[in-house]
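One file, final-v8.cif, is given below (mmCIF, C-alpha atoms and all ligand atoms).
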```
data_target
#
loop_
_atom_site.label_atom_id
_atom_site.label_comp_id
_atom_site.auth_asym_id
_atom_site.auth_seq_id
_atom_site.Cartn_x
_atom_site.Cartn_y
_atom_site.Cartn_z
CA MET A 21 124.79 4.76 -4.22
CA ALA A 22 126.49 3.02 -7.11
CA HIS A 23 127.87 5.06 -9.98
CA VAL A 24 126.78 2.74 -12.71
CA THR A 25 123.76 3.07 -14.95
CA GLY A 26 121.80 -0.10 -14.49
CA PRO A 27 120.20 -2.43 -14.87
CA TRP A 28 123.03 -4.83 -14.17
CA LEU A 29 123.34 -7.78 -16.51
CA SER A 30 121.75 -11.10 -15.52
CA PRO A 31 124.06 -14.09 -14.94
CA ASP A 32 122.97 -15.37 -18.38
CA GLU A 33 123.90 -12.11 -20.04
CA VAL A 34 127.19 -11.99 -18.14
CA SER A 35 128.07 -15.42 -19.51
CA GLY A 36 127.97 -13.86 -22.99
CA LEU A 37 131.10 -11.87 -22.15
CA TRP A 38 134.20 -13.82 -23.13
CA SER A 39 137.20 -12.02 -21.71
CA VAL A 40 138.17 -9.57 -18.99
CA ASP A 41 138.73 -7.05 -21.79
CA GLU A 42 135.10 -7.47 -22.86
CA ILE A 43 133.98 -7.10 -19.24
CA GLU A 44 136.06 -3.93 -18.98
CA ARG A 45 134.48 -2.49 -22.14
CA ALA A 46 130.97 -3.31 -20.95
CA ALA A 47 131.76 -1.82 -17.53
CA ARG A 48 133.20 1.39 -18.92
CA GLU A 49 130.07 2.03 -20.96
CA ARG A 50 127.98 1.89 -17.81
CA MET A 51 130.19 3.74 -15.33
CA SER A 52 130.02 7.47 -14.59
CA ALA A 53 133.04 9.48 -15.75
CA PRO A 54 134.27 10.03 -12.16
CA LEU A 55 134.11 6.28 -11.48
CA ARG A 56 136.04 5.53 -14.69
CA ASP A 57 138.65 8.06 -13.61
CA TYR A 58 138.85 6.59 -10.14
CA LEU A 59 139.34 3.03 -11.32
CA ASP A 60 141.88 4.03 -13.97
CA GLY A 61 143.49 6.14 -11.26
CA TRP A 62 147.01 5.76 -12.58
CA ALA A 63 149.87 7.83 -11.30
CA GLY A 64 151.19 10.69 -13.42
CA SER A 65 151.26 9.99 -17.14
CA GLY A 66 149.81 6.49 -16.83
CA GLU A 67 152.99 4.98 -18.24
CA GLY A 68 153.31 2.71 -15.20
CA ALA A 69 149.88 1.20 -15.88
CA ARG A 70 150.71 0.65 -19.58
CA ILE A 71 154.07 -0.89 -18.67
CA ASN A 72 152.20 -3.48 -16.62
CA ARG A 73 150.55 -4.83 -19.76
CA GLU A 74 153.70 -4.55 -21.87
CA GLY A 75 155.65 -6.46 -19.25
CA PHE A 76 153.55 -9.56 -19.85
CA SER A 77 154.24 -9.35 -23.59
CA ARG A 78 157.96 -9.55 -22.92
CA TRP A 79 157.61 -13.21 -21.93
CA LEU A 80 156.54 -15.95 -24.34
CA PHE A 81 155.69 -19.60 -23.82
CA ARG A 82 157.75 -22.66 -24.75
CA PRO A 83 154.94 -25.20 -25.15
CA ARG A 84 155.84 -28.84 -24.59
CA ILE A 85 154.00 -31.58 -26.45
CA LEU A 86 152.72 -35.07 -25.83
CA HIS A 87 152.00 -34.81 -22.13
CA ASP A 88 148.76 -36.24 -20.81
CA VAL A 89 146.75 -33.13 -19.92
CA ARG A 90 143.28 -34.64 -19.54
CA GLU A 91 143.04 -33.69 -15.87
CA ILE A 92 144.13 -30.19 -14.93
CA ASP A 93 143.82 -29.08 -11.31
CA LEU A 94 144.21 -25.37 -10.50
CA GLY A 95 144.13 -25.96 -6.74
CA THR A 96 146.92 -24.69 -4.52
CA THR A 97 147.38 -23.22 -1.06
CA VAL A 98 148.14 -19.70 0.08
CA LEU A 99 149.60 -19.42 3.58
CA GLY A 100 148.44 -22.98 4.07
CA GLN A 101 144.84 -22.21 3.10
CA PRO A 102 143.52 -24.31 0.22
CA VAL A 103 142.11 -22.42 -2.77
CA ARG A 104 140.63 -23.96 -5.90
CA THR A 105 142.21 -21.38 -8.21
CA PRO A 106 145.33 -19.23 -7.97
CA ILE A 107 143.28 -16.23 -9.14
CA LEU A 108 142.54 -14.19 -6.01
CA LEU A 109 140.65 -10.93 -5.50
CA GLY A 110 142.90 -8.02 -4.59
CA ALA A 111 142.30 -5.10 -2.25
CA SER A 112 140.47 -2.28 -3.94
CA ALA A 113 138.51 0.40 -2.18
CA LEU A 114 134.78 1.06 -2.15
CA HIS A 115 133.15 -1.78 -4.07
CA ARG A 116 129.75 -0.18 -3.50
CA LEU A 117 130.68 2.42 -6.07
CA SER A 118 130.30 -0.30 -8.70
CA HIS A 119 127.39 -2.30 -7.29
CA PRO A 120 125.09 -1.82 -4.28
CA ASP A 121 126.10 -5.24 -2.87
CA GLY A 122 129.73 -4.10 -2.98
CA GLU A 123 132.21 -6.27 -1.08
CA LEU A 124 129.45 -8.77 -0.18
CA ALA A 125 129.03 -9.61 -3.87
CA THR A 126 132.81 -9.90 -4.22
CA ALA A 127 133.10 -12.22 -1.22
CA ARG A 128 130.18 -14.38 -2.44
CA ALA A 129 131.84 -14.79 -5.83
CA ALA A 130 135.13 -15.72 -4.14
CA ARG A 131 133.44 -18.25 -1.90
CA ALA A 132 131.63 -19.91 -4.81
CA ALA A 133 134.83 -20.14 -6.85
CA GLY A 134 137.08 -21.32 -4.02
CA SER A 135 139.09 -18.10 -4.26
CA LEU A 136 140.18 -15.61 -1.58
CA VAL A 137 139.40 -11.95 -0.90
CA MET A 138 141.89 -9.37 0.26
CA LEU A 139 139.61 -6.74 1.80
CA SER A 140 140.73 -3.12 1.48
CA THR A 141 141.06 -0.97 4.59
CA SER A 142 138.90 1.39 2.55
CA THR A 143 136.06 -1.15 2.31
CA SER A 144 132.57 0.23 1.88
CA THR A 145 131.09 -2.78 3.73
CA PRO A 146 131.97 -3.46 7.38
CA PRO A 147 134.65 -6.18 7.60
CA GLU A 148 132.46 -8.27 9.93
CA GLU A 149 129.74 -8.51 7.27
CA VAL A 150 132.26 -9.47 4.60
CA ALA A 151 133.80 -12.11 6.86
CA ALA A 152 130.34 -13.53 7.57
CA VAL A 153 130.02 -14.50 3.90
CA GLY A 154 132.53 -17.22 4.66
CA ALA A 155 135.09 -16.80 1.87
CA PRO A 156 138.74 -17.07 2.89
CA GLY A 157 139.74 -13.49 3.66
CA TRP A 158 142.79 -11.41 4.38
CA MET A 159 142.57 -7.82 5.59
CA GLN A 160 144.66 -5.26 3.75
CA LEU A 161 146.14 -2.73 6.16
CA TYR A 162 147.05 0.85 5.62
CA TRP A 163 149.18 1.70 8.64
CA MET A 164 148.01 5.15 9.68
CA ASN A 165 149.92 7.90 11.47
CA ASP A 166 147.82 7.18 14.55
CA ARG A 167 148.77 3.88 16.20
CA GLY A 168 145.53 3.71 18.14
CA ILE A 169 143.54 3.74 14.90
CA THR A 170 145.93 1.26 13.27
CA ARG A 171 145.68 -1.09 16.23
CA ALA A 172 141.89 -0.83 16.18
CA ILE A 173 141.82 -1.91 12.52
CA VAL A 174 144.07 -4.88 13.29
CA GLU A 175 141.97 -5.94 16.28
CA ARG A 176 138.79 -5.62 14.27
CA ALA A 177 140.23 -7.78 11.47
CA GLU A 178 141.30 -10.43 13.97
CA ALA A 179 137.95 -10.44 15.75
CA ALA A 180 136.08 -10.70 12.45
CA GLY A 181 138.09 -13.80 11.53
CA PHE A 182 140.41 -12.60 8.78
CA SER A 183 143.32 -15.02 8.55
CA ALA A 184 146.15 -12.65 7.53
CA LEU A 185 147.04 -8.99 7.28
CA ALA A 186 148.34 -7.63 4.00
CA LEU A 187 150.34 -4.56 4.93
CA THR A 188 150.64 -2.19 1.99
CA VAL A 189 154.24 -0.99 1.95
CA ASP A 190 154.36 0.86 -1.36
CA ALA A 191 152.31 3.81 -0.22
CA PRO A 192 154.20 5.93 2.33
CA ARG A 193 152.25 8.59 0.53
CA LEU A 194 149.57 8.18 -2.10
CA GLY A 195 150.69 8.34 -5.70
CA TRP A 196 150.27 11.50 -7.76
CA ARG A 197 146.89 10.77 -9.35
CA PRO A 198 145.63 13.56 -11.58
CA LEU A 199 142.61 11.52 -12.64
CA GLU A 200 141.42 11.35 -9.05
CA TYR A 201 142.09 14.92 -8.09
CA ARG A 202 139.43 16.41 -10.33
CA ASN A 203 136.58 14.41 -8.82
CA GLY A 204 136.87 15.15 -5.12
CA ASP A 205 136.10 12.89 -2.22
CA TRP A 206 133.97 9.80 -2.83
CA GLU A 207 132.07 10.36 0.40
CA THR A 208 130.55 13.36 -1.32
CA HIS A 209 129.26 10.89 -3.92
CA GLY A 210 127.39 8.93 -1.27
CA VAL A 211 129.67 5.93 -0.64
CA ALA A 212 131.39 5.80 2.73
CA GLN A 213 134.35 3.92 4.11
CA THR A 214 133.45 1.71 7.06
CA VAL A 215 136.71 1.16 8.91
CA PHE A 216 138.10 4.63 9.51
CA PRO A 217 136.59 6.94 12.13
CA ASP A 218 133.83 9.18 10.84
CA PRO A 219 134.32 12.12 10.60
CA TRP A 220 137.89 11.73 9.34
CA PRO A 221 140.24 12.94 12.12
CA GLU A 222 142.21 16.05 11.32
CA GLY A 223 145.68 15.11 10.02
CA LEU A 224 145.01 11.35 9.73
CA ALA A 225 147.04 9.91 6.85
CA ILE A 226 149.04 6.85 5.92
CA GLU A 227 152.18 6.70 8.05
CA ALA A 228 155.13 7.91 6.00
CA GLY A 229 157.78 6.95 8.54
CA LEU A 230 157.64 3.16 8.44
CA THR A 231 160.89 1.21 8.48
CA TRP A 232 161.71 -2.47 8.93
CA ARG A 233 162.15 -1.76 12.63
CA THR A 234 158.83 0.06 13.16
CA LEU A 235 157.15 -2.98 11.60
CA ASP A 236 158.16 -4.90 14.72
CA TRP A 237 155.42 -3.02 16.57
CA LEU A 238 152.80 -4.55 14.28
CA ARG A 239 154.28 -8.00 14.68
CA GLY A 240 154.05 -7.50 18.43
CA ILE A 241 150.34 -6.68 18.49
CA THR A 242 148.96 -9.37 16.20
CA ARG A 243 149.05 -13.13 15.93
CA LEU A 244 148.06 -12.96 12.26
CA PRO A 245 150.64 -13.63 9.55
CA ILE A 246 151.73 -10.41 7.84
CA VAL A 247 151.98 -10.31 4.05
CA LEU A 248 153.99 -7.39 2.65
CA LYS A 249 152.19 -5.94 -0.37
CA GLY A 250 154.21 -3.90 -2.82
CA VAL A 251 157.71 -5.42 -2.75
CA MET A 252 159.44 -4.82 -6.09
CA THR A 253 163.18 -5.35 -5.67
CA PRO A 254 165.33 -8.35 -4.78
CA GLU A 255 167.02 -6.22 -2.11
CA ASP A 256 163.76 -5.66 -0.23
CA ALA A 257 162.52 -9.18 -0.91
CA ALA A 258 165.69 -10.60 0.63
CA ILE A 259 165.18 -8.47 3.75
CA ALA A 260 161.54 -9.53 4.00
CA ALA A 261 162.54 -13.20 3.81
CA ALA A 262 165.40 -12.75 6.28
CA GLU A 263 163.03 -10.97 8.69
CA GLY A 264 160.73 -13.96 8.53
CA TYR A 265 157.72 -12.51 6.71
CA PRO A 266 155.78 -15.48 5.35
CA ALA A 267 154.69 -13.89 2.08
CA ILE A 268 155.07 -10.88 -0.21
CA VAL A 269 153.04 -9.45 -3.05
CA VAL A 270 155.10 -8.25 -6.00
CA SER A 271 153.01 -5.27 -7.05
CA ASN A 272 153.37 -1.78 -8.40
CA HIS A 273 149.87 -1.07 -7.13
CA GLY A 274 148.41 -1.27 -10.63
CA GLY A 275 150.49 1.73 -11.71
CA ARG A 276 148.72 3.92 -9.14
CA GLN A 277 151.74 4.75 -7.00
CA LEU A 278 155.07 5.48 -8.71
CA ASP A 279 154.72 6.34 -12.38
CA HIS A 280 157.40 4.59 -14.47
CA ALA A 281 157.95 1.90 -11.86
CA MET A 282 158.92 -1.48 -13.31
CA SER A 283 156.07 -3.79 -14.09
CA SER A 284 155.54 -6.46 -11.48
CA ILE A 285 156.02 -9.30 -13.98
CA GLU A 286 159.44 -7.84 -14.91
CA ALA A 287 160.34 -7.47 -11.25
CA LEU A 288 159.24 -11.00 -10.34
CA PRO A 289 162.15 -13.24 -11.49
CA ALA A 290 164.82 -11.39 -9.51
CA VAL A 291 162.53 -11.23 -6.48
CA ALA A 292 161.92 -14.98 -6.69
CA ASP A 293 165.66 -15.64 -6.89
CA ALA A 294 166.30 -13.47 -3.83
CA VAL A 295 163.56 -15.11 -1.78
CA ALA A 296 164.70 -18.59 -2.81
CA GLY A 297 161.66 -20.37 -1.42
CA ARG A 298 161.81 -18.77 2.03
CA ALA A 299 158.47 -16.96 1.61
CA GLU A 300 155.43 -17.28 -0.61
CA ILE A 301 155.29 -14.83 -3.50
CA TYR A 302 152.15 -13.50 -5.14
CA LEU A 303 151.83 -10.97 -7.94
CA ASP A 304 149.36 -8.30 -8.98
CA SER A 305 149.20 -5.41 -11.47
CA GLY A 306 147.94 -5.81 -15.00
CA VAL A 307 146.69 -9.41 -14.85
CA ARG A 308 143.95 -9.64 -17.51
CA TRP A 309 144.36 -13.08 -19.12
CA GLY A 310 144.95 -16.62 -17.97
CA THR A 311 148.20 -16.53 -19.92
CA ASP A 312 149.34 -13.64 -17.67
CA VAL A 313 148.60 -15.84 -14.66
CA LEU A 314 150.59 -18.72 -16.12
CA LYS A 315 153.58 -16.47 -16.82
CA ALA A 316 153.44 -15.24 -13.22
CA LEU A 317 153.31 -18.80 -11.89
CA ALA A 318 156.20 -19.80 -14.16
CA LEU A 319 158.35 -16.90 -12.95
CA GLY A 320 157.87 -17.64 -9.27
CA ALA A 321 154.44 -16.53 -8.08
CA ARG A 322 152.18 -18.91 -6.20
CA ALA A 323 149.01 -16.97 -7.01
CA VAL A 324 147.91 -13.65 -8.48
CA PHE A 325 145.52 -10.93 -7.38
CA VAL A 326 143.31 -8.88 -9.67
CA GLY A 327 142.35 -5.31 -8.80
CA ARG A 328 140.38 -3.38 -11.41
CA PRO A 329 138.74 -6.46 -12.96
CA VAL A 330 136.79 -6.96 -9.72
CA HIS A 331 135.24 -3.51 -10.02
CA TRP A 332 134.52 -4.10 -13.71
CA GLY A 333 132.81 -7.38 -12.85
CA LEU A 334 130.72 -5.65 -10.19
CA ALA A 335 129.79 -2.83 -12.56
CA VAL A 336 128.60 -5.32 -15.16
CA GLY A 337 126.76 -7.84 -13.05
CA GLY A 338 127.48 -7.71 -9.33
CA GLU A 339 128.35 -11.13 -7.92
CA ALA A 340 127.80 -12.80 -11.33
CA GLY A 341 130.22 -10.33 -12.93
CA VAL A 342 132.97 -11.05 -10.40
CA ALA A 343 132.30 -14.77 -10.74
CA ARG A 344 132.71 -14.40 -14.50
CA VAL A 345 136.09 -12.66 -14.05
CA ILE A 346 137.35 -15.53 -11.90
CA SER A 347 135.94 -18.27 -14.12
CA LEU A 348 137.22 -16.77 -17.37
CA LEU A 349 140.72 -16.29 -15.97
CA SER A 350 140.65 -19.79 -14.48
CA ASP A 351 139.43 -21.41 -17.71
CA GLU A 352 142.01 -19.49 -19.74
CA LEU A 353 144.71 -20.58 -17.30
CA ARG A 354 143.60 -24.22 -17.52
CA ASN A 355 143.67 -24.00 -21.30
CA ALA A 356 147.14 -22.44 -21.40
CA MET A 357 148.49 -24.99 -18.91
CA GLY A 358 147.23 -27.83 -21.06
CA LEU A 359 148.78 -26.31 -24.16
CA CYS A 360 152.09 -25.96 -22.30
CA GLY A 361 151.89 -29.62 -21.29
CA ILE A 362 151.37 -29.17 -17.55
CA THR A 363 148.53 -30.10 -15.23
CA ARG A 364 149.20 -28.46 -11.85
CA PRO A 365 150.24 -24.91 -10.84
CA GLU A 366 153.46 -26.21 -9.25
CA ASP A 367 154.51 -27.62 -12.64
CA ALA A 368 154.69 -24.07 -14.01
CA THR A 369 158.44 -23.43 -13.91
CA ARG A 370 160.74 -21.16 -15.87
CA ALA A 371 161.14 -23.98 -18.38
CA ILE A 372 157.80 -23.02 -19.94
CA VAL A 373 158.69 -19.37 -20.65
CA ALA A 374 161.40 -17.45 -22.46
CA PRO A 375 162.06 -13.72 -22.70
CA ARG A 376 161.07 -12.26 -26.02
CA ALA A 377 164.06 -11.59 -28.22
CA GLY A 378 165.05 -7.97 -28.90
C1 LIG B 1 140.05 1.40 -7.40
C2 LIG B 1 141.25 0.78 -6.73
C3 LIG B 1 141.38 0.92 -5.36
C4 LIG B 1 142.47 0.33 -4.72
N1 LIG B 1 142.53 0.40 -3.35
C5 LIG B 1 143.57 -0.19 -2.72
C6 LIG B 1 143.63 -0.20 -1.30
O1 LIG B 1 142.73 0.31 -0.63
N2 LIG B 1 144.70 -0.78 -0.71
C7 LIG B 1 145.71 -1.38 -1.44
O2 LIG B 1 146.66 -1.90 -0.86
N3 LIG B 1 145.65 -1.41 -2.78
C8 LIG B 1 144.62 -0.84 -3.44
N4 LIG B 1 144.57 -0.90 -4.80
C9 LIG B 1 145.63 -1.60 -5.55
C10 LIG B 1 145.26 -3.07 -5.76
O3 LIG B 1 145.33 -3.79 -4.55
C11 LIG B 1 146.22 -3.76 -6.74
O4 LIG B 1 147.55 -3.59 -6.31
C12 LIG B 1 146.08 -3.25 -8.16
O5 LIG B 1 144.77 -2.84 -8.45
C13 LIG B 1 146.48 -4.37 -9.10
O6 LIG B 1 146.47 -3.95 -10.41
P1 LIG B 1 145.27 -4.20 -11.44
O7 LIG B 1 144.21 -3.23 -11.09
O8 LIG B 1 145.92 -3.89 -12.74
O9 LIG B 1 144.84 -5.64 -11.32
C14 LIG B 1 143.46 -0.35 -5.47
C15 LIG B 1 143.31 -0.47 -6.85
C16 LIG B 1 142.21 0.07 -7.48
C17 LIG B 1 142.06 -0.11 -8.96
#
```
Written as structure tokens, how would this file's structure read?
Amino acid sequence: MAHVTGPWLSPDEVSGLWSVDEIERAARERMSAPLRDYLDGWAGSGEGARINREGFSRWLFRPRILHDVREIDLGTTVLGQPVRTPILLGASALHRLSHPDGELATARAARAAGSLVMLSTSTSTPPEEVAAVGAPGWMQLYWMNDRGITRAIVERAEAAGFSALALTVDAPRLGWRPLEYRNGDWETHGVAQTVFPDPWPEGLAIEAGLTWRTLDWLRGITRLPIVLKGVMTPEDAAIAAAEGYPAIVVSNHGGRQLDHAMSSIEALPAVADAVAGRAEIYLDSGVRWGTDVLKALALGARAVFVGRPVHWGLAVGGEAGVARVISLLSDELRNAMGLCGITRPEDATRAIVAPRAG
């Protein structure tokens, strides 16, 4: 059961929405109050979520002129996999809350746009069905305090054909989320998770005791590359690179974990310096405009993930809504690249941005 008052907009109607902000507004009008709370879902005061947006405003462009920008190609690769846009769909739980097609609609939109889906461990559609859509897919992993259950999730992701695991490392415990607490468990609202055992085993929770050394166990049981999601400091990024992890996501979990954490865009430059090309770097948290994407690319990210905008797209128009999120951000990015005088993502270097004075 979705928690949105339909009917959903037709693809034609969706194409009348001209920014992710407009999609958010249209989505909020249609969502139930508990769903709005859940998607907002920020930790504590919400300052961390606001800081994510402010962080992007602290960087400004230095546009260069008189470059031939007739042909702009957004294509790149992530872990060797070609994508036609660096705007990728991040792991967020329970897409069926926002549209009955849930993660299938998300994966279809990703496939059509040449993007990639990071499927949440808390998916409301079985991973096998999502993989069958045929979009490039990574499985996000919450490492649970039961290794048998964790191993089963990994084996299921491998068997379904996901090409990487994104291990979430910023959640040894869930953030303090007052907005979520008042609404109770989503399963009581009729949308179930499909990966965890049902009923939920007594005491099952995200493992709080992970260290760099316990991660070796995971590396020993899977042949999939492991992306660390939620790395925010150069210290940790340097360890990740030295340990041979192929990629990290600079993320403060959309402000849902540690209130008052740095924004990911502010954390990114030092992380990129520490990694020094040894691993791929992606960014999420607060990406709402193509200009945000370009700033992230300029400061060292190879691609970005969007979280809440996927749910907003679903709530507005299912697959067409998610497709609109990707196409708007991609078109905005193409426009901003042209106006900065560059034509390919790899041309986005620090030379095109400057910190705002003061
Ligand atoms: C409703 C919701 C559910 C989420 N569920 C997960 C999850 O299951 N696993 C995870 O690693 N991150 C999860 N996230 C965090 C996202 O992967 C991502 O870090 C964050 O949403 C990015 O910020 P943005 O929403 O501002 O784009 C979730 C985010 C939202 C909004």
What's the 12 Å shell around Gly122 (chain A), counting all atoms listed in the file, without same-chain residues fewer than 6 positions away, as an NGL selection string?
-> :A and (21-23 or 112-116 or 128-129 or 139-140 or 143-147 or 149-150 or 211-213 or 330-335 or 337-339 or 341-342)
Check which residues fall inside 8 Å of ligand LIG 1 (chain B) when counting all atoms listed in the file, and print them as a tab-separated table (two decimals) with C-alpha atoms, keeping the file's coordinate frame.
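And here is the file that came out, pocket.tsv:
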```
chain	number	residue	atom	x	y	z
A	58	TYR	CA	138.85	6.59	-10.14
A	59	LEU	CA	139.34	3.03	-11.32
A	60	ASP	CA	141.88	4.03	-13.97
A	61	GLY	CA	143.49	6.14	-11.26
A	69	ALA	CA	149.88	1.20	-15.88
A	72	ASN	CA	152.20	-3.48	-16.62
A	110	GLY	CA	142.90	-8.02	-4.59
A	111	ALA	CA	142.30	-5.10	-2.25
A	112	SER	CA	140.47	-2.28	-3.94
A	113	ALA	CA	138.51	0.40	-2.18
A	114	LEU	CA	134.78	1.06	-2.15
A	140	SER	CA	140.73	-3.12	1.48
A	141	THR	CA	141.06	-0.97	4.59
A	142	SER	CA	138.90	1.39	2.55
A	143	THR	CA	136.06	-1.15	2.31
A	160	GLN	CA	144.66	-5.26	3.75
A	161	LEU	CA	146.14	-2.73	6.16
A	162	TYR	CA	147.05	0.85	5.62
A	186	ALA	CA	148.34	-7.63	4.00
A	187	LEU	CA	150.34	-4.56	4.93
A	188	THR	CA	150.64	-2.19	1.99
A	249	LYS	CA	152.19	-5.94	-0.37
A	250	GLY	CA	154.21	-3.90	-2.82
A	271	SER	CA	153.01	-5.27	-7.05
A	272	ASN	CA	153.37	-1.78	-8.40
A	273	HIS	CA	149.87	-1.07	-7.13
A	274	GLY	CA	148.41	-1.27	-10.63
A	275	GLY	CA	150.49	1.73	-11.71
A	276	ARG	CA	148.72	3.92	-9.14
A	304	ASP	CA	149.36	-8.30	-8.98
A	305	SER	CA	149.20	-5.41	-11.47
A	306	GLY	CA	147.94	-5.81	-15.00
A	307	VAL	CA	146.69	-9.41	-14.85
A	308	ARG	CA	143.95	-9.64	-17.51
A	325	PHE	CA	145.52	-10.93	-7.38
A	326	VAL	CA	143.31	-8.88	-9.67
A	327	GLY	CA	142.35	-5.31	-8.80
A	328	ARG	CA	140.38	-3.38	-11.41
A	329	PRO	CA	138.74	-6.46	-12.96
A	331	HIS	CA	135.24	-3.51	-10.02
```
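In this model, the gap between CA of Glu352 (chain A) and CA of Ser135 (chain A) comes to 15.8 Å.
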Interatomic distance, CA of Pro192 (chain A) to CA of Thr234 (chain A) (Å, one decimal) =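 Going from CA of Pro192 (chain A) over to CA of Thr234 (chain A) covers 13.2 Å.
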Quick one: pull the distance between CA of Glu366 (chain A) and CA of Arg78 (chain A), Å, one decimal.
-> 22.0 Å
Any idea what's packed within 8 Å of Ile226 (chain A), counting only C-alpha atoms, ignoring anything in its chain fewer than 4 positions away? Could you give it as a list in words?
->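 Non-adjacent residues within range: Tyr162, Trp163, Met164, Asn165, Ala191, Pro192 and Arg193 of chain A.
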Repaired coordinates for region 353-372 of chain A (N, CA and C atoms) as an mmCIF file, keeping the file's coordinate frame:
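Written output follows (rebuild11.cif):
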```
data_model
loop_
_atom_site.group_PDB
_atom_site.id
_atom_site.type_symbol
_atom_site.label_atom_id
_atom_site.label_comp_id
_atom_site.auth_asym_id
_atom_site.auth_seq_id
_atom_site.Cartn_x
_atom_site.Cartn_y
_atom_site.Cartn_z
ATOM 1 N N LEU A 353 143.485 -20.020 -17.901
ATOM 2 C CA LEU A 353 144.710 -20.580 -17.300
ATOM 3 C C LEU A 353 144.771 -22.087 -17.550
ATOM 4 N N ARG A 354 143.633 -22.757 -17.323
ATOM 5 C CA ARG A 354 143.600 -24.220 -17.520
ATOM 6 C C ARG A 354 143.955 -24.549 -18.971
ATOM 7 N N ASN A 355 143.399 -23.780 -19.876
ATOM 8 C CA ASN A 355 143.670 -24.000 -21.300
ATOM 9 C C ASN A 355 145.160 -23.812 -21.604
ATOM 10 N N ALA A 356 145.720 -22.722 -21.117
ATOM 11 C CA ALA A 356 147.140 -22.440 -21.400
ATOM 12 C C ALA A 356 148.047 -23.488 -20.764
ATOM 13 N N MET A 357 147.670 -23.942 -19.557
ATOM 14 C CA MET A 357 148.490 -24.990 -18.910
ATOM 15 C C MET A 357 148.498 -26.244 -19.768
ATOM 16 N N GLY A 358 147.307 -26.629 -20.229
ATOM 17 C CA GLY A 358 147.230 -27.830 -21.060
ATOM 18 C C GLY A 358 148.077 -27.697 -22.312
ATOM 19 N N LEU A 359 148.025 -26.512 -22.914
ATOM 20 C CA LEU A 359 148.780 -26.310 -24.160
ATOM 21 C C LEU A 359 150.281 -26.194 -23.907
ATOM 22 N N CYS A 360 150.659 -25.938 -22.661
ATOM 23 C CA CYS A 360 152.090 -25.960 -22.300
ATOM 24 C C CYS A 360 152.515 -27.337 -21.821
ATOM 25 N N GLY A 361 151.556 -28.249 -21.687
ATOM 26 C CA GLY A 361 151.890 -29.620 -21.290
ATOM 27 C C GLY A 361 152.007 -29.827 -19.798
ATOM 28 N N ILE A 362 151.312 -28.985 -19.007
ATOM 29 C CA ILE A 362 151.370 -29.170 -17.550
ATOM 30 C C ILE A 362 149.962 -29.256 -16.965
ATOM 31 N N THR A 363 149.865 -29.840 -15.795
ATOM 32 C CA THR A 363 148.530 -30.100 -15.230
ATOM 33 C C THR A 363 148.321 -29.535 -13.827
ATOM 34 N N ARG A 364 149.361 -29.009 -13.206
ATOM 35 C CA ARG A 364 149.200 -28.460 -11.850
ATOM 36 C C ARG A 364 149.992 -27.157 -11.746
ATOM 37 N N PRO A 365 149.526 -26.190 -10.942
ATOM 38 C CA PRO A 365 150.240 -24.910 -10.840
ATOM 39 C C PRO A 365 151.726 -25.106 -10.512
ATOM 40 N N GLU A 366 152.043 -26.087 -9.649
ATOM 41 C CA GLU A 366 153.460 -26.210 -9.250
ATOM 42 C C GLU A 366 154.340 -26.739 -10.391
ATOM 43 N N ASP A 367 153.708 -27.219 -11.479
ATOM 44 C CA ASP A 367 154.510 -27.620 -12.640
ATOM 45 C C ASP A 367 154.892 -26.436 -13.521
ATOM 46 N N ALA A 368 154.355 -25.260 -13.205
ATOM 47 C CA ALA A 368 154.690 -24.070 -14.010
ATOM 48 C C ALA A 368 156.047 -23.549 -13.546
ATOM 49 N N THR A 369 157.092 -23.889 -14.261
ATOM 50 C CA THR A 369 158.440 -23.430 -13.910
ATOM 51 C C THR A 369 158.977 -22.550 -15.031
ATOM 52 N N ARG A 370 160.160 -22.039 -14.833
ATOM 53 C CA ARG A 370 160.740 -21.160 -15.870
ATOM 54 C C ARG A 370 160.958 -21.885 -17.183
ATOM 55 N N ALA A 371 160.928 -23.221 -17.132
ATOM 56 C CA ALA A 371 161.140 -23.980 -18.380
ATOM 57 C C ALA A 371 160.030 -23.712 -19.395
ATOM 58 N N ILE A 372 158.866 -23.223 -18.962
ATOM 59 C CA ILE A 372 157.800 -23.020 -19.940
ATOM 60 C C ILE A 372 157.747 -21.605 -20.501
#
```
